[in-house]
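The structure file final_32.txt is reproduced below (compact mmCIF, C-alpha atoms).
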```txt
# COMPACT_ATOMS: atom_id res chain seq x y z
CA MET B 1 104.75 -49.32 -166.01
CA SER B 2 102.76 -48.12 -169.01
CA GLN B 3 103.50 -44.72 -170.54
CA ARG B 4 100.09 -43.50 -169.39
CA SER B 5 100.66 -44.65 -165.81
CA ALA B 6 104.14 -43.18 -165.75
CA GLN B 7 102.80 -39.82 -166.90
CA ARG B 8 100.08 -39.86 -164.25
CA SER B 9 102.61 -40.74 -161.57
CA GLU B 10 104.98 -38.02 -162.76
CA HIS B 11 102.38 -35.31 -162.25
CA SER B 12 101.43 -36.61 -158.83
CA THR B 13 104.92 -37.16 -157.42
CA ALA B 14 106.60 -33.90 -158.42
CA GLY B 15 108.58 -35.29 -161.33
CA ALA B 16 109.01 -38.93 -160.32
CA TYR B 17 109.55 -41.86 -162.59
CA VAL B 18 110.52 -45.53 -162.45
CA ARG B 19 111.31 -48.23 -164.96
CA PRO B 20 110.70 -51.96 -164.43
CA GLY B 21 113.48 -53.48 -162.36
CA GLU B 22 114.91 -50.14 -161.33
CA GLU B 23 114.90 -47.99 -158.25
CA PHE B 24 112.49 -45.08 -158.13
CA THR B 25 114.09 -41.82 -159.30
CA ARG B 26 112.80 -38.28 -158.89
CA ASP B 27 113.41 -35.71 -161.61
CA THR B 28 114.45 -32.62 -159.65
CA ALA B 29 114.94 -30.29 -162.60
CA TYR B 30 112.49 -27.56 -161.61
CA ILE B 31 111.94 -24.00 -162.80
CA GLU B 32 114.53 -22.37 -160.54
CA ASP B 33 113.39 -18.75 -160.75
CA ARG B 34 113.09 -17.00 -157.40
CA ILE B 35 110.87 -14.25 -155.97
CA VAL B 36 113.07 -12.01 -153.84
CA ARG B 37 113.21 -8.61 -152.15
CA ASP B 38 116.20 -7.44 -154.20
CA PRO B 39 116.29 -9.06 -157.66
CA GLU B 40 119.44 -7.18 -158.66
CA ARG B 41 121.49 -8.86 -155.93
CA ALA B 42 119.78 -12.21 -155.65
CA ALA B 43 121.72 -15.42 -156.20
CA VAL B 44 119.97 -17.54 -158.80
CA PRO B 45 121.13 -20.58 -160.77
CA GLU B 46 122.48 -20.05 -164.26
CA GLY B 47 119.63 -19.46 -166.67
CA ALA B 48 117.13 -18.64 -163.91
CA HIS B 49 115.57 -15.26 -163.17
CA ALA B 50 114.86 -13.23 -160.05
CA TRP B 51 111.41 -11.68 -159.68
CA PRO B 52 110.49 -8.93 -157.20
CA VAL B 53 108.40 -9.57 -154.13
CA GLU B 54 105.14 -7.68 -154.66
CA ALA B 55 101.84 -7.98 -152.85
CA GLY B 56 99.08 -9.23 -155.11
CA ARG B 57 101.31 -9.93 -158.10
CA TYR B 58 101.45 -13.72 -157.79
CA ARG B 59 99.13 -16.64 -157.13
CA LEU B 60 100.22 -19.82 -155.40
CA VAL B 61 98.68 -22.93 -156.95
CA ALA B 62 98.79 -25.72 -154.39
CA ALA B 63 96.67 -28.87 -154.35
CA ARG B 64 95.81 -29.97 -150.81
CA ALA B 65 96.38 -33.60 -151.81
CA CYS B 66 100.07 -33.12 -152.63
CA PRO B 67 102.60 -33.23 -149.77
CA TRP B 68 105.00 -30.87 -151.54
CA ALA B 69 102.20 -28.34 -152.09
CA ASN B 70 100.89 -28.85 -148.56
CA ARG B 71 104.20 -27.42 -147.32
CA THR B 72 103.52 -24.11 -149.03
CA LEU B 73 99.99 -23.91 -147.63
CA ILE B 74 101.34 -24.39 -144.10
CA VAL B 75 104.17 -21.84 -144.45
CA ARG B 76 101.89 -19.26 -146.11
CA ARG B 77 99.45 -19.56 -143.22
CA LEU B 78 102.06 -19.59 -140.45
CA LEU B 79 103.62 -16.40 -141.83
CA GLY B 80 100.29 -14.68 -142.46
CA LEU B 81 100.77 -14.12 -146.19
CA GLU B 82 97.14 -14.64 -147.19
CA ASP B 83 96.61 -10.96 -148.06
CA VAL B 84 99.64 -10.71 -150.34
CA LEU B 85 99.80 -14.14 -151.98
CA SER B 86 96.46 -15.58 -153.05
CA VAL B 87 95.98 -19.31 -153.45
CA GLY B 88 94.41 -21.50 -156.12
CA LEU B 89 93.39 -25.01 -155.08
CA PRO B 90 93.21 -27.69 -157.78
CA GLY B 91 91.17 -30.80 -157.07
CA PRO B 92 92.80 -34.01 -155.89
CA VAL B 93 92.50 -36.03 -159.10
CA HIS B 94 94.16 -35.17 -162.39
CA ASP B 95 94.81 -36.79 -165.75
CA VAL B 96 98.01 -37.18 -167.78
CA ARG B 97 97.90 -33.56 -168.91
CA SER B 98 97.63 -31.54 -165.76
CA TRP B 99 96.13 -30.65 -162.42
CA THR B 100 92.69 -29.10 -162.95
CA PHE B 101 90.54 -26.57 -161.12
CA ASP B 102 87.52 -28.83 -160.99
CA LEU B 103 86.53 -27.67 -157.49
CA ASP B 104 85.97 -24.08 -158.69
CA PRO B 105 82.79 -22.79 -160.36
CA ASP B 106 82.77 -23.67 -164.06
CA GLY B 107 86.02 -25.60 -163.50
CA ARG B 108 88.20 -22.49 -163.79
CA ASP B 109 90.49 -20.81 -161.32
CA PRO B 110 88.61 -17.59 -160.43
CA VAL B 111 91.75 -15.41 -160.57
CA LEU B 112 93.82 -16.96 -163.35
CA GLY B 113 90.80 -17.94 -165.45
CA ILE B 114 92.34 -21.26 -166.50
CA GLU B 115 90.99 -24.79 -166.39
CA ARG B 116 94.37 -26.52 -166.15
CA LEU B 117 97.61 -25.54 -164.48
CA GLN B 118 99.22 -26.69 -167.71
CA GLU B 119 98.01 -23.46 -169.32
CA ALA B 120 100.24 -21.38 -167.03
CA TYR B 121 103.27 -23.54 -167.81
CA PHE B 122 102.64 -23.39 -171.56
CA ALA B 123 102.06 -19.62 -171.40
CA ARG B 124 105.72 -19.29 -170.48
CA TYR B 125 107.19 -22.43 -172.04
CA PRO B 126 105.07 -23.56 -175.02
CA ASP B 127 107.04 -26.80 -175.27
CA TYR B 128 107.49 -27.45 -171.54
CA PRO B 129 108.77 -31.05 -171.49
CA ARG B 130 108.33 -32.08 -167.85
CA GLY B 131 105.50 -32.86 -165.47
CA ILE B 132 103.05 -30.10 -164.61
CA THR B 133 103.70 -30.09 -160.88
CA VAL B 134 102.39 -28.34 -157.80
CA PRO B 135 103.14 -26.18 -155.99
CA ALA B 136 103.62 -23.52 -158.62
CA VAL B 137 103.68 -19.75 -158.38
CA VAL B 138 102.03 -17.94 -161.29
CA GLU B 139 102.24 -14.27 -162.21
CA ILE B 140 98.63 -13.17 -162.35
CA ALA B 141 98.88 -10.43 -165.00
CA SER B 142 100.73 -12.55 -167.57
CA GLY B 143 99.29 -15.91 -166.56
CA LYS B 144 102.81 -17.39 -166.73
CA VAL B 145 104.35 -19.81 -164.27
CA VAL B 146 107.24 -18.28 -162.32
CA THR B 147 108.57 -21.25 -160.37
CA ASN B 148 107.71 -24.76 -159.24
CA ASP B 149 110.89 -25.22 -157.17
CA PHE B 150 109.05 -26.30 -154.02
CA PRO B 151 111.93 -26.28 -151.47
CA ARG B 152 113.01 -22.81 -152.58
CA ILE B 153 109.44 -21.46 -152.61
CA THR B 154 108.93 -21.99 -148.89
CA GLU B 155 112.44 -20.85 -147.96
CA ASP B 156 111.94 -17.64 -149.89
CA LEU B 157 108.51 -17.07 -148.35
CA ALA B 158 110.23 -17.16 -144.96
CA LYS B 159 113.29 -15.09 -145.84
CA GLU B 160 112.41 -12.84 -148.79
CA TRP B 161 108.78 -11.99 -148.00
CA SER B 162 109.47 -10.89 -144.42
CA ALA B 163 108.16 -7.34 -145.03
CA PHE B 164 104.72 -8.88 -145.40
CA HIS B 165 104.84 -11.37 -142.52
CA ARG B 166 102.13 -11.00 -139.91
CA GLU B 167 103.03 -9.62 -136.51
CA GLY B 168 104.12 -12.55 -134.36
CA ALA B 169 105.05 -14.80 -137.28
CA PRO B 170 107.39 -17.62 -136.19
CA GLU B 171 111.06 -17.73 -137.21
CA LEU B 172 111.05 -20.80 -139.43
CA TRP B 173 114.74 -20.46 -140.37
CA PRO B 174 116.61 -19.46 -137.19
CA ALA B 175 120.11 -18.44 -138.24
CA GLU B 176 121.83 -20.23 -135.36
CA LEU B 177 120.23 -23.54 -136.34
CA GLU B 178 120.34 -23.28 -140.12
CA ASP B 179 123.41 -25.42 -140.79
CA GLU B 180 122.16 -28.32 -138.68
CA MET B 181 118.62 -27.80 -139.95
CA ARG B 182 119.72 -28.22 -143.55
CA GLU B 183 121.41 -31.50 -142.65
CA VAL B 184 118.27 -32.74 -140.90
CA MET B 185 116.01 -31.64 -143.76
CA GLU B 186 118.25 -33.32 -146.33
CA ARG B 187 117.99 -36.62 -144.49
CA VAL B 188 114.25 -36.21 -144.02
CA TYR B 189 113.82 -35.45 -147.72
CA THR B 190 115.96 -38.23 -149.15
CA GLU B 191 115.00 -40.97 -146.70
CA VAL B 192 111.43 -40.14 -145.62
CA ASN B 193 109.67 -37.61 -147.87
CA ASN B 194 111.10 -39.28 -150.95
CA GLY B 195 111.62 -42.62 -149.21
CA VAL B 196 107.94 -43.53 -149.12
CA TYR B 197 107.76 -42.98 -152.89
CA ARG B 198 110.91 -45.05 -153.36
CA CYS B 199 109.11 -47.91 -151.60
CA GLY B 200 105.83 -47.48 -153.47
CA PHE B 201 107.22 -47.09 -156.98
CA ALA B 202 110.08 -49.58 -156.77
CA GLY B 203 110.52 -51.39 -160.06
CA SER B 204 111.54 -54.72 -158.51
CA GLN B 205 111.41 -56.68 -155.28
CA GLN B 206 115.08 -55.93 -154.66
CA ALA B 207 114.56 -52.20 -155.18
CA HIS B 208 111.58 -52.22 -152.82
CA GLU B 209 113.45 -54.05 -150.07
CA LYS B 210 116.39 -51.65 -150.31
CA ALA B 211 114.05 -48.66 -150.17
CA TYR B 212 112.12 -50.19 -147.27
CA GLU B 213 115.27 -50.61 -145.17
CA ARG B 214 116.34 -47.03 -145.87
CA LEU B 215 112.94 -45.63 -144.92
CA TRP B 216 112.68 -47.47 -141.63
CA ALA B 217 116.25 -46.70 -140.63
CA ALA B 218 115.33 -43.03 -140.96
CA MET B 219 112.01 -43.44 -139.17
CA ASP B 220 113.81 -45.09 -136.24
CA TRP B 221 116.35 -42.25 -136.22
CA LEU B 222 113.49 -39.73 -136.01
CA GLU B 223 111.78 -41.71 -133.26
CA ASP B 224 114.98 -41.55 -131.21
CA ARG B 225 115.60 -37.87 -131.98
CA LEU B 226 112.11 -36.89 -130.85
CA ALA B 227 112.38 -38.75 -127.55
CA THR B 228 114.12 -35.79 -125.89
CA ARG B 229 113.04 -32.75 -127.91
CA ARG B 230 109.57 -31.51 -128.72
CA TYR B 231 110.39 -30.50 -132.30
CA LEU B 232 113.04 -31.57 -134.78
CA MET B 233 115.33 -28.64 -133.99
CA GLY B 234 114.48 -28.25 -130.31
CA GLU B 235 111.93 -26.09 -128.52
CA HIS B 236 110.11 -24.38 -131.42
CA ILE B 237 108.79 -25.26 -134.85
CA THR B 238 110.96 -24.62 -137.89
CA GLU B 239 110.61 -25.43 -141.56
CA ALA B 240 112.15 -28.83 -140.78
CA ASP B 241 108.93 -29.70 -138.96
CA VAL B 242 106.80 -28.50 -141.84
CA ARG B 243 108.71 -30.74 -144.24
CA LEU B 244 108.41 -33.85 -142.09
CA PHE B 245 104.79 -33.28 -141.10
CA THR B 246 103.34 -33.51 -144.60
CA THR B 247 104.70 -37.05 -144.95
CA LEU B 248 103.69 -38.16 -141.46
CA VAL B 249 100.11 -36.96 -141.85
CA ARG B 250 99.79 -39.12 -144.98
CA PHE B 251 101.53 -42.15 -143.54
CA ASP B 252 98.74 -44.26 -142.05
CA PRO B 253 95.97 -43.16 -144.46
CA VAL B 254 98.08 -43.80 -147.58
CA TYR B 255 101.75 -44.77 -147.41
CA HIS B 256 101.42 -47.68 -144.99
CA SER B 257 99.25 -49.66 -147.43
CA HIS B 258 99.41 -47.94 -150.81
CA PHE B 259 103.20 -47.59 -150.88
CA LYS B 260 103.82 -50.83 -148.94
CA CYS B 261 105.56 -49.01 -146.06
CA SER B 262 104.04 -51.54 -143.71
CA ARG B 263 106.58 -52.47 -141.05
CA ASN B 264 104.32 -50.67 -138.60
CA LYS B 265 101.89 -47.78 -138.50
CA LEU B 266 102.78 -44.29 -137.37
CA THR B 267 100.40 -44.80 -134.44
CA GLU B 268 102.75 -47.54 -133.19
CA MET B 269 105.74 -45.19 -132.82
CA PRO B 270 105.08 -43.25 -129.60
CA ASN B 271 107.39 -40.29 -130.17
CA LEU B 272 106.64 -39.75 -133.86
CA TRP B 273 102.92 -40.26 -133.32
CA GLY B 274 102.82 -37.81 -130.41
CA TYR B 275 104.90 -35.33 -132.41
CA ALA B 276 102.64 -35.63 -135.46
CA ARG B 277 99.52 -35.02 -133.35
CA ASP B 278 101.20 -32.08 -131.61
CA LEU B 279 101.80 -30.44 -134.99
CA PHE B 280 98.39 -31.41 -136.36
CA GLN B 281 96.72 -29.66 -133.43
CA THR B 282 98.88 -26.54 -133.92
CA PRO B 283 97.14 -23.79 -135.95
CA GLY B 284 98.58 -23.69 -139.44
CA PHE B 285 99.22 -27.44 -139.72
CA GLY B 286 96.14 -29.63 -139.32
CA ASP B 287 93.81 -26.94 -140.63
CA THR B 288 95.49 -27.23 -144.06
CA VAL B 289 95.00 -31.01 -144.24
CA ASP B 290 92.17 -32.61 -146.22
CA PHE B 291 92.37 -36.34 -145.59
CA GLU B 292 89.64 -37.13 -148.11
CA GLN B 293 91.46 -35.34 -150.92
CA ILE B 294 94.70 -37.01 -149.92
CA LYS B 295 93.19 -40.48 -150.18
CA GLN B 296 91.37 -39.70 -153.42
CA HIS B 297 94.56 -38.49 -155.02
CA TYR B 298 96.78 -41.46 -154.30
CA PHE B 299 94.28 -44.26 -154.65
CA VAL B 300 92.61 -42.90 -157.81
CA VAL B 301 95.53 -41.35 -159.72
CA HIS B 302 98.00 -44.21 -159.19
CA GLU B 303 96.18 -46.76 -161.32
CA ASP B 304 99.37 -48.78 -161.78
CA ILE B 305 99.48 -49.40 -158.02
CA ASN B 306 95.71 -49.48 -157.39
CA PRO B 307 94.00 -50.60 -160.63
CA SER B 308 90.55 -50.75 -159.01
CA GLN B 309 90.81 -47.07 -157.95
CA ILE B 310 88.87 -47.99 -154.83
CA VAL B 311 89.47 -45.45 -152.07
CA PRO B 312 89.68 -47.02 -148.61
CA VAL B 313 87.03 -45.97 -146.11
CA GLY B 314 89.49 -46.07 -143.21
CA PRO B 315 91.44 -45.50 -141.16
CA ASP B 316 89.53 -43.75 -138.38
CA LEU B 317 91.03 -40.25 -138.20
CA GLY B 318 89.54 -39.14 -134.90
CA ASN B 319 92.75 -40.15 -133.13
CA TRP B 320 94.54 -37.12 -134.60
CA VAL B 321 92.94 -34.86 -131.99
CA THR B 322 93.65 -37.04 -128.96
CA ALA B 323 96.04 -35.81 -126.25
CA HIS B 324 99.68 -36.04 -127.33
CA GLY B 325 101.51 -35.22 -124.09
CA ARG B 326 104.40 -33.49 -125.85
CA GLU B 327 104.11 -30.44 -123.58
CA SER B 328 106.10 -32.42 -121.00
CA LEU B 329 109.22 -31.89 -123.15
CA GLY B 330 108.91 -28.12 -122.75
CA GLY B 331 109.14 -25.63 -125.56
CA SER B 332 106.33 -23.94 -127.43
CA PRO B 333 105.40 -24.04 -131.10
CA PHE B 334 105.84 -20.36 -131.93
CA GLY B 335 108.59 -19.29 -129.54
CA ALA B 336 108.33 -15.55 -129.00
CA GLY B 337 105.70 -15.37 -131.74
CA THR B 338 102.01 -16.14 -131.83
CA ALA B 339 99.65 -18.54 -133.54
CA PRO B 340 98.03 -17.54 -136.83
CA GLY B 341 94.43 -16.38 -136.67
CA PRO B 342 91.36 -18.29 -137.80
CA VAL B 343 91.35 -19.86 -141.25
CA ARG B 344 89.61 -17.73 -143.83
CA PRO B 345 86.14 -19.09 -144.67
CA GLU B 346 87.01 -19.61 -148.34
CA GLU B 347 90.11 -21.62 -147.38
CA ARG B 348 88.60 -23.82 -144.70
CA VAL B 349 88.78 -27.56 -145.13
CA ASP B 350 85.36 -29.21 -145.17
CA GLY B 351 84.66 -30.56 -141.68
CA ARG B 352 83.89 -33.98 -143.11
CA HIS B 353 87.47 -34.29 -144.28
CA THR B 354 89.45 -33.47 -141.16
CA PRO B 355 88.61 -33.94 -137.49
CA LEU B 356 90.22 -30.59 -136.68
CA SER B 357 87.44 -28.58 -138.34
CA ASP B 358 84.50 -27.50 -136.24
```
Translate the structure of the given file into structure tokens.
Amino acid sequence: MSQRSAQRSEHSTAGAYVRPGEEFTRDTAYIEDRIVRDPERAAVPEGAHAWPVEAGRYRLVAARACPWANRTLIVRRLLGLEDVLSVGLPGPVHDVRSWTFDLDPDGRDPVLGIERLQEAYFARYPDYPRGITVPAVVEIASGKVVTNDFPRITEDLAKEWSAFHREGAPELWPAELEDEMREVMERVYTEVNNGVYRCGFAGSQQAHEKAYERLWAAMDWLEDRLATRRYLMGEHITEADVRLFTTLVRFDPVYHSHFKCSRNKLTEMPNLWGYARDLFQTPGFGDTVDFEQIKQHYFVVHEDINPSQIVPVGPDLGNWVTAHGRESLGGSPFGAGTAPGPVRPEERVDGRHTPLSD
């Protein structure tokens, strides 16, 4: 892989890299600062900082195209944090330097006033040596990045921002399920979320075949698990479902062909396909998905995999709103809670890009 292609891939895969002949590796050294209700007592890694939860102080920068950023958009909406944590939405295509705000007027984020997310990283770390990744939380007043630690961002939104949750917000981290949930999420992350990238960016035939076997072993495990339960942890949605969904919704449009994950399509796995549609049709999930941006991102940015940069016209996405039949397993998405309200006009996905929009 050329240096230019590797840099482009690093920005688009949250710190991923691969060398010819080697297995795909993800750089997981993120900015580990946290935003918490009690900074004085918060547990943070050595060298990291704790910032206070404050309404209006921070801006979430999350490209719709990125699966890791898509998680934060879903959790923010499910918990009703729109009034306290604003969102900046970079476009789907970036260069070797950074994600850009090319969808905004004059190509600048209207709150942060920057053209590139890179500016927020450099405002805090002038010599920041790693990929400029999304999601990222930026302090508005200083213009400095606070954290890009995507698993911790969503966990803290659920646990530390609870004073600002909407009435009826779901419990995404039920205490009685947390130990098992972490085990499930770890397997989903290593074998599925990251597994599709391991297949797509393998540096050799041997590395690809090994990654392929790992991915499909996990997909078969999920298919079996979802045969008897509506959601990954049982009767209600949790963050485990959020983390799996953002890979599943990209599977047939991108990963099946682009990343060579082609044993079968998601639509050919009855339980996973029904589960994915169930979530897609649940407020807070499908209404954050922009299929057009997703396809543009992968097929244009990954020139090393798709040199022509041609974006496929298909597949037909109308099947995402067909009946899923998962109600027969019982349960309900929000448990004792309620669904989030309508999407704000300024945050709606263009109806041409997702069949869920009206």
### Task
Just the residues within 8 Å of Thr238 of chain B, please, counting all atoms listed in the file, with nothing from its chain fewer than 2 positions along; format it as a ChimeraX atom specification.
/B:171-174,232-233,236,240-242
### Summary
If you count all atoms listed in the file, the residue of B:Ala158, B:Ile35, B:Ala217, B:Leu177 closest to Leu78 of chain B turns out to be B:Ala158
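Using all atoms listed in the file, the nearest neighbour of Thr28 of chain B within the list B:Ser328, B:Thr267, B:Thr322, B:Asn148 is B:Asn148.
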Env of segment 281-285 of chain B: 7 Å cut, atoms = all atoms listed in the file, seq-sep filter 6 positions within chain, self excluded. Answer as an mmCIF file with C-alpha atoms, in the coordinates of the input.
```cif
data_model
loop_
_atom_site.group_PDB
_atom_site.id
_atom_site.type_symbol
_atom_site.label_atom_id
_atom_site.label_comp_id
_atom_site.auth_asym_id
_atom_site.auth_seq_id
_atom_site.Cartn_x
_atom_site.Cartn_y
_atom_site.Cartn_z
ATOM 1 C CA ILE B 74 101.340 -24.390 -144.100
ATOM 2 C CA ARG B 77 99.450 -19.560 -143.220
ATOM 3 C CA LEU B 78 102.060 -19.590 -140.450
ATOM 4 C CA VAL B 321 92.940 -34.860 -131.990
ATOM 5 C CA ALA B 339 99.650 -18.540 -133.540
ATOM 6 C CA PRO B 340 98.030 -17.540 -136.830
#
```
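Excluding Val111 of chain B and any residue on its chain fewer than 4 positions from it, the residues at most 12 Å away by all atoms listed in the file are B:Gly56, B:Arg57, B:Tyr58, B:Arg59, B:Leu60, B:Val61, B:Leu85, B:Ser86, B:Val87, B:Gly88, B:Leu89, B:Phe101, B:Asp104, B:Pro105, B:Glu115, B:Val138, B:Glu139, B:Ile140, B:Ala141, B:Ser142, B:Gly143.
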Put those residues in a file: C-alpha atoms, as an mmCIF file, keeping the file's coordinate frame.
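Okay, this is what ended up in out.cif:
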```
data_model
loop_
_atom_site.group_PDB
_atom_site.id
_atom_site.type_symbol
_atom_site.label_atom_id
_atom_site.label_comp_id
_atom_site.auth_asym_id
_atom_site.auth_seq_id
_atom_site.Cartn_x
_atom_site.Cartn_y
_atom_site.Cartn_z
ATOM 1 C CA GLY B 56 99.080 -9.230 -155.110
ATOM 2 C CA ARG B 57 101.310 -9.930 -158.100
ATOM 3 C CA TYR B 58 101.450 -13.720 -157.790
ATOM 4 C CA ARG B 59 99.130 -16.640 -157.130
ATOM 5 C CA LEU B 60 100.220 -19.820 -155.400
ATOM 6 C CA VAL B 61 98.680 -22.930 -156.950
ATOM 7 C CA LEU B 85 99.800 -14.140 -151.980
ATOM 8 C CA SER B 86 96.460 -15.580 -153.050
ATOM 9 C CA VAL B 87 95.980 -19.310 -153.450
ATOM 10 C CA GLY B 88 94.410 -21.500 -156.120
ATOM 11 C CA LEU B 89 93.390 -25.010 -155.080
ATOM 12 C CA PHE B 101 90.540 -26.570 -161.120
ATOM 13 C CA ASP B 104 85.970 -24.080 -158.690
ATOM 14 C CA PRO B 105 82.790 -22.790 -160.360
ATOM 15 C CA GLU B 115 90.990 -24.790 -166.390
ATOM 16 C CA VAL B 138 102.030 -17.940 -161.290
ATOM 17 C CA GLU B 139 102.240 -14.270 -162.210
ATOM 18 C CA ILE B 140 98.630 -13.170 -162.350
ATOM 19 C CA ALA B 141 98.880 -10.430 -165.000
ATOM 20 C CA SER B 142 100.730 -12.550 -167.570
ATOM 21 C CA GLY B 143 99.290 -15.910 -166.560
#
```
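Among the candidate residues B:Gly91, B:Ala227, B:Arg71, B:Val249, the one lying nearest to Leu103 of chain B is B:Gly91, with distances computed using only C-alpha atoms.
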Using only the atoms of segment 170-174 of chain B listed in the file, plus 8 Å on each side, state the axis-aligned box centre and edge lengths in Å rounded to one decimal, as JSON.
```
{"center_x": 112.0, "center_y": -19.2, "center_z": -138.3, "size_x": 25.2, "size_y": 19.2, "size_z": 20.2}
```
### Query
Restricting the calculation to all atoms listed in the file, which member of B:Asn271, B:Tyr212, B:Cys199, B:Thr100 is positioned closest to Asp224 of chain B?
B:Asn271
## Note on the structure
Correct to one decimal, the distance atom CA of Tyr197 of chain B-atom CA of Met185 of chain B is 16.7 Å
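Pairwise distance (atom CA of Ala323 of chain B, atom CA of Trp273 of chain B) equals 10.8 Å.
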#### Entry: Selection near Ile305 of chain B, 10 Å with all atoms listed in the file, sequence-local residues under 2 positions removed, as a ChimeraX atom specification
/B:1,5,9,200-201,258-259,298-303,307-309
Add whatever atoms are absent from segment 230-243 of chain B to reach N, CA and C atoms, and provide the output as an mmCIF file, in the frame of the given file.
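See out06.cif below for the written result:
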```cif
data_model
loop_
_atom_site.group_PDB
_atom_site.id
_atom_site.type_symbol
_atom_site.label_atom_id
_atom_site.label_comp_id
_atom_site.auth_asym_id
_atom_site.auth_seq_id
_atom_site.Cartn_x
_atom_site.Cartn_y
_atom_site.Cartn_z
ATOM 1 N N ARG B 230 110.966 -31.593 -128.274
ATOM 2 C CA ARG B 230 109.570 -31.510 -128.720
ATOM 3 C C ARG B 230 109.474 -31.405 -130.245
ATOM 4 N N TYR B 231 110.397 -30.679 -130.847
ATOM 5 C CA TYR B 231 110.390 -30.500 -132.300
ATOM 6 C C TYR B 231 111.735 -30.926 -132.866
ATOM 7 N N LEU B 232 111.824 -31.031 -134.164
ATOM 8 C CA LEU B 232 113.040 -31.570 -134.780
ATOM 9 C C LEU B 232 114.283 -30.784 -134.403
ATOM 10 N N MET B 233 114.162 -29.467 -134.287
ATOM 11 C CA MET B 233 115.330 -28.640 -133.990
ATOM 12 C C MET B 233 115.353 -28.159 -132.548
ATOM 13 N N GLY B 234 114.443 -28.642 -131.718
ATOM 14 C CA GLY B 234 114.480 -28.250 -130.310
ATOM 15 C C GLY B 234 113.145 -27.790 -129.778
ATOM 16 N N GLU B 235 113.078 -26.557 -129.298
ATOM 17 C CA GLU B 235 111.930 -26.090 -128.520
ATOM 18 C C GLU B 235 110.824 -25.463 -129.352
ATOM 19 N N HIS B 236 111.107 -25.086 -130.623
ATOM 20 C CA HIS B 236 110.110 -24.380 -131.420
ATOM 21 C C HIS B 236 110.047 -24.980 -132.827
ATOM 22 N N ILE B 237 108.935 -24.747 -133.493
ATOM 23 C CA ILE B 237 108.790 -25.260 -134.850
ATOM 24 C C ILE B 237 109.706 -24.497 -135.804
ATOM 25 N N THR B 238 110.196 -25.203 -136.794
ATOM 26 C CA THR B 238 110.960 -24.620 -137.890
ATOM 27 C C THR B 238 110.451 -25.242 -139.187
ATOM 28 N N GLU B 239 111.031 -24.821 -140.296
ATOM 29 C CA GLU B 239 110.610 -25.430 -141.560
ATOM 30 C C GLU B 239 110.914 -26.926 -141.594
ATOM 31 N N ALA B 240 111.882 -27.382 -140.835
ATOM 32 C CA ALA B 240 112.150 -28.830 -140.780
ATOM 33 C C ALA B 240 110.909 -29.592 -140.354
ATOM 34 N N ASP B 241 110.153 -29.049 -139.415
ATOM 35 C CA ASP B 241 108.930 -29.700 -138.960
ATOM 36 C C ASP B 241 107.854 -29.680 -140.028
ATOM 37 N N VAL B 242 107.761 -28.582 -140.748
ATOM 38 C CA VAL B 242 106.800 -28.500 -141.840
ATOM 39 C C VAL B 242 107.073 -29.606 -142.858
ATOM 40 N N ARG B 243 108.340 -29.789 -143.192
ATOM 41 C CA ARG B 243 108.710 -30.740 -144.240
ATOM 42 C C ARG B 243 108.484 -32.181 -143.815
#
```
